[in-house]
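**Q** run_35.cif is reproduced below (mmCIF, C-alpha atoms).
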data_coords
loop_
_atom_site.label_atom_id
_atom_site.label_comp_id
_atom_site.auth_asym_id
_atom_site.auth_seq_id
_atom_site.Cartn_x
_atom_site.Cartn_y
_atom_site.Cartn_z
CA MET A 99 26.15 -0.30 30.65
CA ARG A 100 28.51 -1.38 27.91
CA HIS A 101 31.33 -1.75 30.45
CA LEU A 102 29.12 -3.74 32.81
CA TYR A 103 28.02 -5.96 29.93
CA ASP A 104 31.65 -6.49 28.88
CA HIS A 105 32.58 -7.32 32.48
CA ALA A 106 29.76 -9.86 32.76
CA THR A 107 30.66 -11.45 29.43
CA SER A 108 34.40 -11.67 30.10
CA ARG A 109 33.81 -13.23 33.53
CA ASN A 110 31.03 -15.60 32.47
CA ALA A 111 28.38 -14.11 34.75
CA PRO A 112 25.03 -15.87 34.31
CA PHE A 113 22.28 -13.67 32.88
CA THR A 114 20.23 -13.83 36.07
CA GLY A 115 23.14 -14.12 38.51
CA GLN A 116 25.38 -11.70 40.34
CA LEU A 117 27.10 -9.29 37.95
CA LEU A 118 30.40 -8.34 39.59
CA ARG A 119 32.90 -11.20 39.61
CA TYR A 120 36.56 -11.94 40.24
CA LYS A 121 38.79 -12.77 37.24
CA HIS A 122 38.32 -16.50 37.83
CA GLY A 123 34.54 -16.04 37.51
CA ARG A 124 33.37 -16.42 41.09
CA PRO A 125 30.99 -13.70 42.39
CA ILE A 126 32.66 -11.04 44.53
CA THR A 127 31.95 -11.21 48.24
CA SER A 128 30.26 -8.71 50.54
CA ARG A 129 33.71 -7.96 51.97
CA ARG A 130 34.91 -6.99 48.48
CA TYR A 131 31.90 -4.70 48.07
CA ASP A 132 32.83 -3.03 51.36
CA HIS A 133 36.40 -2.54 50.11
CA ILE A 134 35.13 -0.99 46.87
CA TRP A 135 32.95 1.51 48.76
CA LYS A 136 35.87 2.47 51.03
CA ARG A 137 37.97 3.21 47.93
CA VAL A 138 35.15 5.22 46.36
CA GLY A 139 34.75 7.13 49.65
CA LYS A 140 38.41 8.21 49.51
CA SER A 141 37.82 9.80 46.09
CA LEU A 142 34.34 11.14 46.83
CA PRO A 143 34.15 12.40 50.43
CA TRP A 144 30.34 12.64 50.31
CA VAL A 145 30.20 8.85 49.81
CA ALA A 146 32.08 8.30 53.07
CA ALA A 147 30.10 11.02 54.87
CA GLN A 148 26.74 9.54 53.82
CA GLY A 149 27.85 5.96 54.48
CA VAL A 150 27.01 4.92 50.92
CA THR A 151 27.11 1.17 50.36
CA THR A 152 25.43 -1.23 47.98
CA HIS A 153 22.71 -1.75 50.58
CA TRP A 154 22.31 2.04 50.98
CA LEU A 155 21.78 2.36 47.20
CA ARG A 156 19.21 -0.43 47.26
CA HIS A 157 17.37 1.09 50.20
CA THR A 158 17.35 4.59 48.69
CA THR A 159 16.23 3.35 45.29
CA LEU A 160 13.43 1.19 46.66
CA THR A 161 12.21 4.04 48.84
CA TRP A 162 12.12 6.35 45.82
CA VAL A 163 10.28 3.78 43.69
CA GLU A 164 7.72 3.21 46.44
CA ARG A 165 7.16 6.95 46.99
CA THR A 166 6.96 7.72 43.27
CA PHE A 167 4.90 4.74 42.14
CA SER A 168 3.49 2.41 44.79
CA TYR A 169 4.31 -0.23 47.34
CA ALA A 170 3.42 -2.95 44.86
CA VAL A 171 5.78 -1.47 42.28
CA ALA A 172 8.58 -1.27 44.86
CA GLN A 173 7.95 -4.86 45.87
CA ALA A 174 8.22 -6.04 42.27
CA PHE A 175 11.21 -3.77 41.60
CA ALA A 176 13.02 -5.37 44.54
CA GLY A 177 12.26 -8.85 43.30
CA HIS A 178 10.16 -9.60 46.37
CA ARG A 179 7.10 -10.71 44.43
CA GLY A 180 5.52 -13.77 45.94
CA LYS A 181 7.01 -13.11 49.36
CA ARG A 182 5.04 -11.70 52.23
CA SER A 183 5.54 -7.98 52.75
CA GLY A 184 8.25 -8.48 55.39
CA THR A 185 11.25 -8.28 53.06
CA THR A 186 10.09 -5.14 51.29
CA ASP A 187 9.24 -3.58 54.66
CA THR A 188 12.95 -3.71 55.46
CA TYR A 189 13.63 -1.19 52.71
CA VAL A 190 10.43 0.81 52.50
CA LYS A 191 9.49 2.81 55.56
CA SER A 192 7.37 5.91 55.84
CA GLN A 193 8.03 8.85 58.12
CA LEU A 194 5.41 10.57 60.27
CA HIS A 195 5.54 13.73 58.15
CA GLU A 196 4.83 11.64 55.01
CA VAL A 197 1.78 10.03 56.60
CA ALA A 198 0.60 13.46 57.79
CA ALA A 199 1.04 14.87 54.27
CA ALA A 200 -0.98 11.99 52.81
CA LEU A 201 -3.71 12.60 55.36
CA SER A 202 -3.63 16.30 54.52
CA VAL A 203 -4.05 15.57 50.81
CA LEU A 204 -6.85 13.04 51.39
CA THR A 205 -8.85 15.30 53.66
CA ALA A 206 -7.93 18.61 51.97
CA GLU A 207 -7.13 19.87 55.48
CA PRO A 208 -3.76 21.24 56.60
CA HIS A 209 -1.90 19.03 59.04
CA PRO A 210 0.67 20.50 61.45
CA LEU A 211 3.04 17.55 61.09
CA ALA A 212 3.14 17.61 57.29
CA ARG A 213 6.34 19.35 56.19
CA GLY A 214 5.64 22.12 53.74
CA ALA A 215 1.97 21.17 53.59
CA LEU A 216 0.70 24.06 55.69
CA PRO A 217 -0.49 27.23 54.01
CA PRO A 218 1.08 30.54 55.07
CA PRO A 219 -0.06 31.67 58.56
CA SER A 220 -2.37 34.40 57.17
CA GLU A 221 -4.24 31.84 55.04
CA LEU A 222 -4.38 29.41 57.96
CA VAL A 223 -5.97 32.05 60.21
CA ALA A 224 -8.53 32.89 57.50
CA LEU A 225 -9.23 29.19 56.89
CA THR A 226 -9.74 28.52 60.60
CA ALA A 227 -11.99 31.59 60.97
CA SER A 228 -14.21 30.57 58.05
CA ARG A 229 -14.61 27.02 59.39
CA THR A 230 -15.50 28.29 62.85
CA LYS A 231 -18.04 30.69 61.34
CA ASN A 232 -19.69 27.90 59.27
CA GLN A 233 -20.04 25.47 62.18
#
What do you get writing this file as structure tokens?

**A**
Amino acid sequence: MRHLYDHATSRNAPFTGQLLRYKHGRPITSRRYDHIWKRVGKSLPWVAAQGVTTHWLRHTTLTWVERTFSYAVAQAFAGHRGKRSGTTDTYVKSQLHEVAAALSVLTAEPHPLARGALPPPSELVALTASRTKNQ
């Protein structure tokens, strides 16, 4: 953080503006960001393999915030407050297995599409048998 702060100070970045800037003070362009990620990818092969970019980091971070906290928190974290949900929806998407897991938790019933949410087969057979017997 100290280095980022020093960079911002030396290049006269406004407090609420874009941080990374050229020596003359203008904000770097999206093309420059792409160049930076290509250079990082040469040193860290996983960066190139995963296609890491600034947008990828934003998407991944917002998805984590939404999953860990809430949609509203992710929306505020992204700076989308006051906008309709459309912008946040670009970054925050749920997968079928996540919806199935949520349904499984809400109903206290195993769901076949929820990854890792099913009990072992022996427990599932016993659970099914006891439900059938009680109906």

**Q** Could you spell out the hits of the PyMOL selection byres ((chain A and resi 152) around 12) on the shown file, as a PDB file with C-alpha atoms, in the coordinates of the input?

**A**
ATOM      1  CA  THR A 127      31.950 -11.210  48.240  1.00  0.00           C
ATOM      2  CA  SER A 128      30.260  -8.710  50.540  1.00  0.00           C
ATOM      3  CA  ARG A 129      33.710  -7.960  51.970  1.00  0.00           C
ATOM      4  CA  ARG A 130      34.910  -6.990  48.480  1.00  0.00           C
ATOM      5  CA  TYR A 131      31.900  -4.700  48.070  1.00  0.00           C
ATOM      6  CA  ASP A 132      32.830  -3.030  51.360  1.00  0.00           C
ATOM      7  CA  HIS A 133      36.400  -2.540  50.110  1.00  0.00           C
ATOM      8  CA  ILE A 134      35.130  -0.990  46.870  1.00  0.00           C
ATOM      9  CA  TRP A 135      32.950   1.510  48.760  1.00  0.00           C
ATOM     10  CA  LYS A 136      35.870   2.470  51.030  1.00  0.00           C
ATOM     11  CA  VAL A 138      35.150   5.220  46.360  1.00  0.00           C
ATOM     12  CA  VAL A 145      30.200   8.850  49.810  1.00  0.00           C
ATOM     13  CA  GLY A 149      27.850   5.960  54.480  1.00  0.00           C
ATOM     14  CA  VAL A 150      27.010   4.920  50.920  1.00  0.00           C
ATOM     15  CA  THR A 151      27.110   1.170  50.360  1.00  0.00           C
ATOM     16  CA  HIS A 153      22.710  -1.750  50.580  1.00  0.00           C
ATOM     17  CA  TRP A 154      22.310   2.040  50.980  1.00  0.00           C
ATOM     18  CA  LEU A 155      21.780   2.360  47.200  1.00  0.00           C
ATOM     19  CA  ARG A 156      19.210  -0.430  47.260  1.00  0.00           C
ATOM     20  CA  HIS A 157      17.370   1.090  50.200  1.00  0.00           C
ATOM     21  CA  THR A 158      17.350   4.590  48.690  1.00  0.00           C
ATOM     22  CA  THR A 159      16.230   3.350  45.290  1.00  0.00           C
TER      23      THR A 159
END

**Q** Please report the interatomic distance between CA of Leu160 (chain A) and CA of Arg124 (chain A) in Å with one decimal.

**A**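 We find that CA of Leu160 (chain A) and CA of Arg124 (chain A) lie 27.2 Å from each other.
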
**Q** What's the separation between CA of Ser168 (chain A) and CA of Ala212 (chain A), in Å to one decimal place?

**A**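 These two atoms are separated by 19.7 Å.
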
**Q** Report the distance between CA of Ala106 (chain A) and CA of Gly123 (chain A) in Å, rounded to one decimal place.

**A**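 Going from CA of Ala106 (chain A) over to CA of Gly123 (chain A), I get 9.1 Å.
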
**Q** Which of these, A:Tyr189, A:Ala206, A:Gln116, A:Ala146, has the shortest distance to Ala172 (chain A) once you count all atoms listed in the file?

**A**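 Closest candidate: A:Tyr189.
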
**Q** A:Ala198, A:Ala147, A:Met99, A:Ile126: which is nearest Ala111 (chain A), counting all atoms listed in the file?

**A**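 Smallest separation from Ala111 (chain A) among the options: A:Ile126.
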
**Q** Of the residues A:Arg119, A:Thr166, A:Arg213, A:Pro208, which is the one nearest to His195 (chain A), using all atoms listed in the file?

**A**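 The answer is A:Arg213, which sits nearest to His195 (chain A).
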